[in-house]
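Source file run-v1.cif; content: mmCIF, C-alpha atoms.
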data_work
loop_
_atom_site.group_PDB
_atom_site.id
_atom_site.type_symbol
_atom_site.label_atom_id
_atom_site.label_comp_id
_atom_site.auth_asym_id
_atom_site.auth_seq_id
_atom_site.Cartn_x
_atom_site.Cartn_y
_atom_site.Cartn_z
ATOM 1 C CA MET T 4 0.000 0.000 0.000
ATOM 2 C CA ARG T 5 1.521 3.318 -1.108
ATOM 3 C CA LEU T 6 1.056 6.378 1.136
ATOM 4 C CA LEU T 7 1.386 10.049 0.237
ATOM 5 C CA LEU T 8 1.819 12.397 3.208
ATOM 6 C CA MET T 9 1.348 16.169 3.022
ATOM 7 C CA SER T 10 0.488 19.089 5.252
ATOM 8 C CA ASP T 11 0.227 22.860 5.338
ATOM 9 C CA THR T 12 -0.911 23.481 1.773
ATOM 10 C CA HIS T 13 -2.316 26.919 2.690
ATOM 11 C CA LEU T 14 -4.135 27.387 -0.626
ATOM 12 C CA PRO T 15 -4.666 29.869 -2.158
ATOM 13 C CA LYS T 16 -2.648 32.068 0.211
ATOM 14 C CA ARG T 17 0.794 30.468 -0.285
ATOM 15 C CA ALA T 18 0.287 29.061 -3.801
ATOM 16 C CA LYS T 19 -2.424 29.179 -6.444
ATOM 17 C CA ALA T 20 -2.657 25.387 -6.724
ATOM 18 C CA LEU T 21 -1.072 22.156 -5.610
ATOM 19 C CA PRO T 22 2.096 21.411 -7.590
ATOM 20 C CA ALA T 23 1.580 19.147 -10.621
ATOM 21 C CA ALA T 24 4.235 16.706 -9.356
ATOM 22 C CA LEU T 25 2.292 16.313 -6.109
ATOM 23 C CA LEU T 26 -0.966 15.710 -7.969
ATOM 24 C CA ASP T 27 0.822 13.000 -9.972
ATOM 25 C CA GLU T 28 1.717 11.351 -6.651
ATOM 26 C CA VAL T 29 -1.936 11.584 -5.525
ATOM 27 C CA ALA T 30 -2.922 9.492 -8.535
ATOM 28 C CA ARG T 31 -0.357 6.794 -7.614
ATOM 29 C CA ALA T 32 -1.172 6.633 -3.886
ATOM 30 C CA ASP T 33 -3.493 4.145 -2.242
ATOM 31 C CA VAL T 34 -3.930 6.516 0.701
ATOM 32 C CA VAL T 35 -3.366 10.279 0.814
ATOM 33 C CA VAL T 36 -2.801 11.803 4.256
ATOM 34 C CA HIS T 37 -3.168 15.559 4.865
ATOM 35 C CA ALA T 38 -2.172 16.867 8.311
ATOM 36 C CA GLY T 39 -4.104 20.136 8.222
ATOM 37 C CA ASP T 40 -3.895 23.799 7.276
ATOM 38 C CA TRP T 41 -5.679 23.307 3.980
ATOM 39 C CA VAL T 42 -7.123 26.851 4.288
ATOM 40 C CA ASP T 43 -9.589 26.382 1.409
ATOM 41 C CA VAL T 44 -12.351 23.832 0.954
ATOM 42 C CA ALA T 45 -11.504 23.486 -2.743
ATOM 43 C CA THR T 46 -8.286 21.627 -1.880
ATOM 44 C CA LEU T 47 -10.219 19.161 0.272
ATOM 45 C CA ASP T 48 -12.725 18.613 -2.536
ATOM 46 C CA LEU T 49 -9.947 18.165 -5.107
ATOM 47 C CA LEU T 50 -8.148 15.554 -2.995
ATOM 48 C CA LEU T 51 -11.396 13.749 -2.207
ATOM 49 C CA GLU T 52 -12.094 13.549 -5.930
ATOM 50 C CA ARG T 53 -8.596 12.416 -6.953
ATOM 51 C CA SER T 54 -7.600 10.161 -4.036
ATOM 52 C CA ALA T 55 -8.345 6.469 -3.752
ATOM 53 C CA ARG T 56 -8.628 7.165 -0.008
ATOM 54 C CA LEU T 57 -8.079 10.399 1.914
ATOM 55 C CA VAL T 58 -7.327 10.745 5.627
ATOM 56 C CA GLY T 59 -7.186 14.332 6.830
ATOM 57 C CA VAL T 60 -7.557 16.662 9.785
ATOM 58 C CA TYR T 61 -8.077 20.374 10.208
ATOM 59 C CA GLY T 62 -5.326 22.735 11.286
ATOM 60 C CA ASN T 63 -5.173 25.998 13.195
ATOM 61 C CA ASN T 64 -5.640 28.056 9.986
ATOM 62 C CA ASP T 65 -8.701 26.120 8.854
ATOM 63 C CA GLY T 66 -12.050 27.835 9.270
ATOM 64 C CA PRO T 67 -15.519 26.584 10.158
ATOM 65 C CA ALA T 68 -16.254 25.011 6.749
ATOM 66 C CA LEU T 69 -13.223 22.706 6.986
ATOM 67 C CA ARG T 70 -13.696 22.035 10.691
ATOM 68 C CA ALA T 71 -17.248 20.903 9.948
ATOM 69 C CA ARG T 72 -15.920 18.267 7.542
ATOM 70 C CA LEU T 73 -12.673 17.138 9.172
ATOM 71 C CA PRO T 74 -11.701 15.885 12.633
ATOM 72 C CA GLU T 75 -8.991 17.363 14.841
ATOM 73 C CA VAL T 76 -7.423 13.892 15.139
ATOM 74 C CA ALA T 77 -7.868 10.998 12.707
ATOM 75 C CA ARG T 78 -7.038 7.355 13.379
ATOM 76 C CA VAL T 79 -7.005 4.574 10.797
ATOM 77 C CA GLU T 80 -5.592 1.091 10.508
ATOM 78 C CA LEU T 81 -3.767 0.442 7.251
ATOM 79 C CA ASP T 82 -2.778 -3.168 6.671
ATOM 80 C CA GLY T 83 -2.036 -3.626 10.368
ATOM 81 C CA VAL T 84 -0.359 -0.239 10.944
ATOM 82 C CA ARG T 85 -2.200 2.014 13.390
ATOM 83 C CA LEU T 86 -1.783 5.491 11.896
ATOM 84 C CA GLY T 87 -2.895 8.773 13.408
ATOM 85 C CA VAL T 88 -2.991 12.281 12.015
ATOM 86 C CA VAL T 89 -3.006 15.577 13.933
ATOM 87 C CA HIS T 90 -1.952 19.078 12.962
ATOM 88 C CA GLU T 91 -0.139 20.381 16.035
ATOM 89 C CA THR T 92 2.157 18.512 18.414
ATOM 90 C CA GLY T 93 3.697 21.448 20.276
ATOM 91 C CA PRO T 94 7.368 22.454 20.450
ATOM 92 C CA SER T 95 10.062 20.147 19.079
ATOM 93 C CA ALA T 96 11.678 19.795 22.509
ATOM 94 C CA GLY T 97 10.020 16.820 24.189
ATOM 95 C CA ARG T 98 7.849 15.997 21.157
ATOM 96 C CA GLU T 99 8.567 12.263 21.112
ATOM 97 C CA LYS T 100 7.753 11.736 24.788
ATOM 98 C CA ARG T 101 4.692 13.987 24.658
ATOM 99 C CA CYS T 102 3.257 12.270 21.565
ATOM 100 C CA ALA T 103 3.982 8.768 22.876
ATOM 101 C CA GLU T 104 1.998 9.631 26.006
ATOM 102 C CA ARG T 105 -0.861 11.253 24.068
ATOM 103 C CA PHE T 106 -1.101 8.537 21.389
ATOM 104 C CA PRO T 107 -0.182 5.210 23.052
ATOM 105 C CA ASP T 108 -2.502 3.349 20.661
ATOM 106 C CA LEU T 109 -0.613 4.347 17.468
ATOM 107 C CA ASP T 110 2.341 3.026 15.491
ATOM 108 C CA VAL T 111 2.726 6.145 13.312
ATOM 109 C CA LEU T 112 1.714 9.769 13.859
ATOM 110 C CA VAL T 113 1.667 12.199 10.931
ATOM 111 C CA PHE T 114 1.627 15.872 11.906
ATOM 112 C CA GLY T 115 2.175 19.316 10.417
ATOM 113 C CA HIS T 116 2.094 22.932 11.583
ATOM 114 C CA SER T 117 5.824 23.724 11.612
ATOM 115 C CA HIS T 118 6.435 23.221 7.862
ATOM 116 C CA ILE T 119 9.664 21.517 8.982
ATOM 117 C CA PRO T 120 10.156 17.906 7.848
ATOM 118 C CA TRP T 121 10.524 15.508 10.756
ATOM 119 C CA ASP T 122 11.142 11.776 11.086
ATOM 120 C CA SER T 123 11.837 10.322 14.514
ATOM 121 C CA VAL T 124 10.897 7.442 16.775
ATOM 122 C CA ALA T 125 9.573 7.981 20.282
ATOM 123 C CA PRO T 126 10.274 5.752 23.268
ATOM 124 C CA GLY T 127 8.027 2.746 22.823
ATOM 125 C CA GLY T 128 8.310 2.836 19.036
ATOM 126 C CA LEU T 129 5.860 5.540 17.871
ATOM 127 C CA ARG T 130 7.131 6.882 14.501
ATOM 128 C CA LEU T 131 6.609 10.642 14.107
ATOM 129 C CA LEU T 132 6.461 12.070 10.588
ATOM 130 C CA ASN T 133 6.038 15.641 9.362
ATOM 131 C CA PRO T 134 6.124 15.939 5.560
ATOM 132 C CA GLY T 135 6.838 19.686 5.579
ATOM 133 C CA SER T 136 4.850 21.733 3.073
ATOM 134 C CA PRO T 137 4.509 21.379 -0.710
ATOM 135 C CA THR T 138 3.559 25.049 -1.085
ATOM 136 C CA ASP T 139 5.002 27.091 1.817
ATOM 137 C CA ARG T 140 8.575 26.151 2.678
ATOM 138 C CA ARG T 141 9.079 29.045 5.088
ATOM 139 C CA ARG T 142 12.720 28.807 6.181
ATOM 140 C CA GLN T 143 13.246 25.351 4.682
ATOM 141 C CA PRO T 144 15.345 24.942 1.535
ATOM 142 C CA HIS T 145 12.661 23.036 -0.400
ATOM 143 C CA HIS T 146 8.928 22.442 -0.741
ATOM 144 C CA THR T 147 8.392 18.868 0.443
ATOM 145 C CA TYR T 148 6.061 15.921 0.976
ATOM 146 C CA MET T 149 6.629 12.289 2.009
ATOM 147 C CA THR T 150 5.899 8.891 0.572
ATOM 148 C CA ALA T 151 5.895 5.555 2.364
ATOM 149 C CA ARG T 152 4.661 2.002 2.042
ATOM 150 C CA VAL T 153 2.661 -0.157 4.413
ATOM 151 C CA ALA T 154 2.640 -3.928 4.191
ATOM 152 C CA ASP T 155 1.946 -6.684 6.695
ATOM 153 C CA GLY T 156 1.811 -4.363 9.689
ATOM 154 C CA THR T 157 5.032 -2.523 8.842
ATOM 155 C CA LEU T 158 5.747 0.997 7.612
ATOM 156 C CA THR T 159 8.635 0.989 5.124
ATOM 157 C CA ASP T 160 10.293 3.104 2.452
ATOM 158 C CA VAL T 161 9.620 6.429 4.182
ATOM 159 C CA ALA T 162 11.076 9.119 1.929
ATOM 160 C CA LEU T 163 11.094 12.896 2.065
ATOM 161 C CA ARG T 164 10.500 14.192 -1.465
ATOM 162 C CA ARG T 165 11.529 17.597 -2.759
ATOM 163 C CA LEU T 166 9.396 19.478 -5.231
ATOM 164 C CA PRO T 167 10.899 21.608 -7.972
ATOM 165 C CA PRO T 168 10.831 25.348 -7.285
ATOM 166 C CA PRO T 169 7.553 26.948 -8.378
ATOM 167 C CA THR T 170 7.548 28.631 -11.748
ATOM 168 C CA GLY T 171 6.584 32.261 -11.370
ATOM 169 C CA ARG T 172 6.062 33.868 -7.985
ATOM 170 C CA ARG T 173 2.927 35.647 -6.834
#
Encoding of this model in structure tokens:
Amino acid sequence: MRLLLMSDTHLPKRAKALPAALLDEVARADVVVHAGDWVDVATLDLLLERSARLVGVYGNNDGPALRARLPEVARVELDGVRLGVVHETGPSAGREKRCAERFPDLDVLVFGHSHIPWDSVAPGGLRLLNPGSPTDRRRQPHHTYMTARVADGTLTDVALRRLPPPTGRR
């Protein structure tokens, strides 16, 4: 099972649209995960239309229309892997311990908010993943997302992917 992980798309404030390379990945993914800060409902509708399966949550920049359609925390089981999604996890210091205590029932937690890619393992084995942002890199060198695979209860092939620089700035 192929996963595509993204967060913090902030459309249309930070970009006019999702990058074409990311949309190509959506078409190849069995499950698309979005960890919040969509900002517009159109992005949710687009991913619902194009994804085989979408798991998403709302973020701190998402208004009432998105909050009415998305949970604050999502939990799914994917081929034996217990995956959770949340937007905010607090400061980086102490994140692993804090998340392991808050989500003892998960194997993997996908989060966003910082726009900073993150891949770590908490005490007890919880894998923490932040795919960065495909549209708003902030102080990061690249726009990013992640891919991974799930098979037989194991998460494998986790990769941070860089997107090409956008053509034409707003």
**Q.** Contacts of Leu14 (chain T) at 10 Å (all atoms listed in the file; same-chain gap of 3+ positions) as a ChimeraX atom specification
**A.** /T:11,17-21,40-46,138-139
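Here CA of Arg78 (chain T) and CA of Trp121 (chain T) stand 19.5 Å from one another.
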Q.
Could you check which residues have any atom within 12 Å of (3.9, 11.9, 20.8), counting all atoms listed in the file with coordinates taken straight from the file, and then list them as a VMD selection string?
A. chain T and resid 87 to 89 91 to 114 123 to 132
Q: Determine, counting only C-alpha atoms, which protein, DNA and RNA residues have an atom within 6 Å of an atom of Gly156 (chain T); residues of the same chain fewer than 6 positions away are not included. Present the result as a VMD selection string.
A: chain T and resid 82 to 84
Q: Kindly give the distance, in Å, that separates CA of Gly39 (chain T) and CA of Val60 (chain T), rounded to a single decimal.
A: 5.1 Å
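Among the candidate residues T:Arg152, T:Thr147, T:Asn133, T:Val58, the one lying nearest to Pro169 (chain T) is T:Thr147, with distances computed using all atoms listed in the file.
Taken over the whole file, the PyMOL selection byres ((chain T and resi 32) around 12) covers exactly Met4, Arg5, Leu6, Leu7, Leu8, Leu25, Leu26, Asp27, Glu28, Val29, Ala30, Arg31, Asp33, Val34, Val35, Val36, Leu50, Arg53, Ser54, Ala55, Arg56, Leu57, Met149, Thr150, Ala151, Arg152 and Val153 of chain T.
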Export of the given selection (C-alpha atoms) as a short mmCIF file (atom, residue, chain, number, x, y, z; two decimals), in the frame of the given file:
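Saved result, again-v2.cif, follows:
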data_model
loop_
_atom_site.label_atom_id
_atom_site.label_comp_id
_atom_site.auth_asym_id
_atom_site.auth_seq_id
_atom_site.Cartn_x
_atom_site.Cartn_y
_atom_site.Cartn_z
CA MET T 4 0.00 0.00 0.00
CA ARG T 5 1.52 3.32 -1.11
CA LEU T 6 1.06 6.38 1.14
CA LEU T 7 1.39 10.05 0.24
CA LEU T 8 1.82 12.40 3.21
CA LEU T 25 2.29 16.31 -6.11
CA LEU T 26 -0.97 15.71 -7.97
CA ASP T 27 0.82 13.00 -9.97
CA GLU T 28 1.72 11.35 -6.65
CA VAL T 29 -1.94 11.58 -5.52
CA ALA T 30 -2.92 9.49 -8.54
CA ARG T 31 -0.36 6.79 -7.61
CA ASP T 33 -3.49 4.14 -2.24
CA VAL T 34 -3.93 6.52 0.70
CA VAL T 35 -3.37 10.28 0.81
CA VAL T 36 -2.80 11.80 4.26
CA LEU T 50 -8.15 15.55 -3.00
CA ARG T 53 -8.60 12.42 -6.95
CA SER T 54 -7.60 10.16 -4.04
CA ALA T 55 -8.35 6.47 -3.75
CA ARG T 56 -8.63 7.16 -0.01
CA LEU T 57 -8.08 10.40 1.91
CA MET T 149 6.63 12.29 2.01
CA THR T 150 5.90 8.89 0.57
CA ALA T 151 5.90 5.56 2.36
CA ARG T 152 4.66 2.00 2.04
CA VAL T 153 2.66 -0.16 4.41
#
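Among the candidate residues T:His146, T:Lys16, T:Gly135, T:Asp122, the one lying nearest to Val161 (chain T) is T:Asp122, with distances computed using all atoms listed in the file.
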Q: Rounded to one decimal place, report the CA of Arg72 (chain T)-CA of Pro22 (chain T) distance in Å.
A: 23.7 Å
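Shortest atom-to-atom contact with Asn63 (chain T) among T:Ala23, T:Leu166, T:Ala38, T:Met9: T:Ala38, counting all atoms listed in the file.
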Q.
From the options T:Leu73, T:Val79, T:Leu86, T:Ala24, which residue's atoms come nearest to Asp48 (chain T), counting only C-alpha atoms?
A. T:Leu73
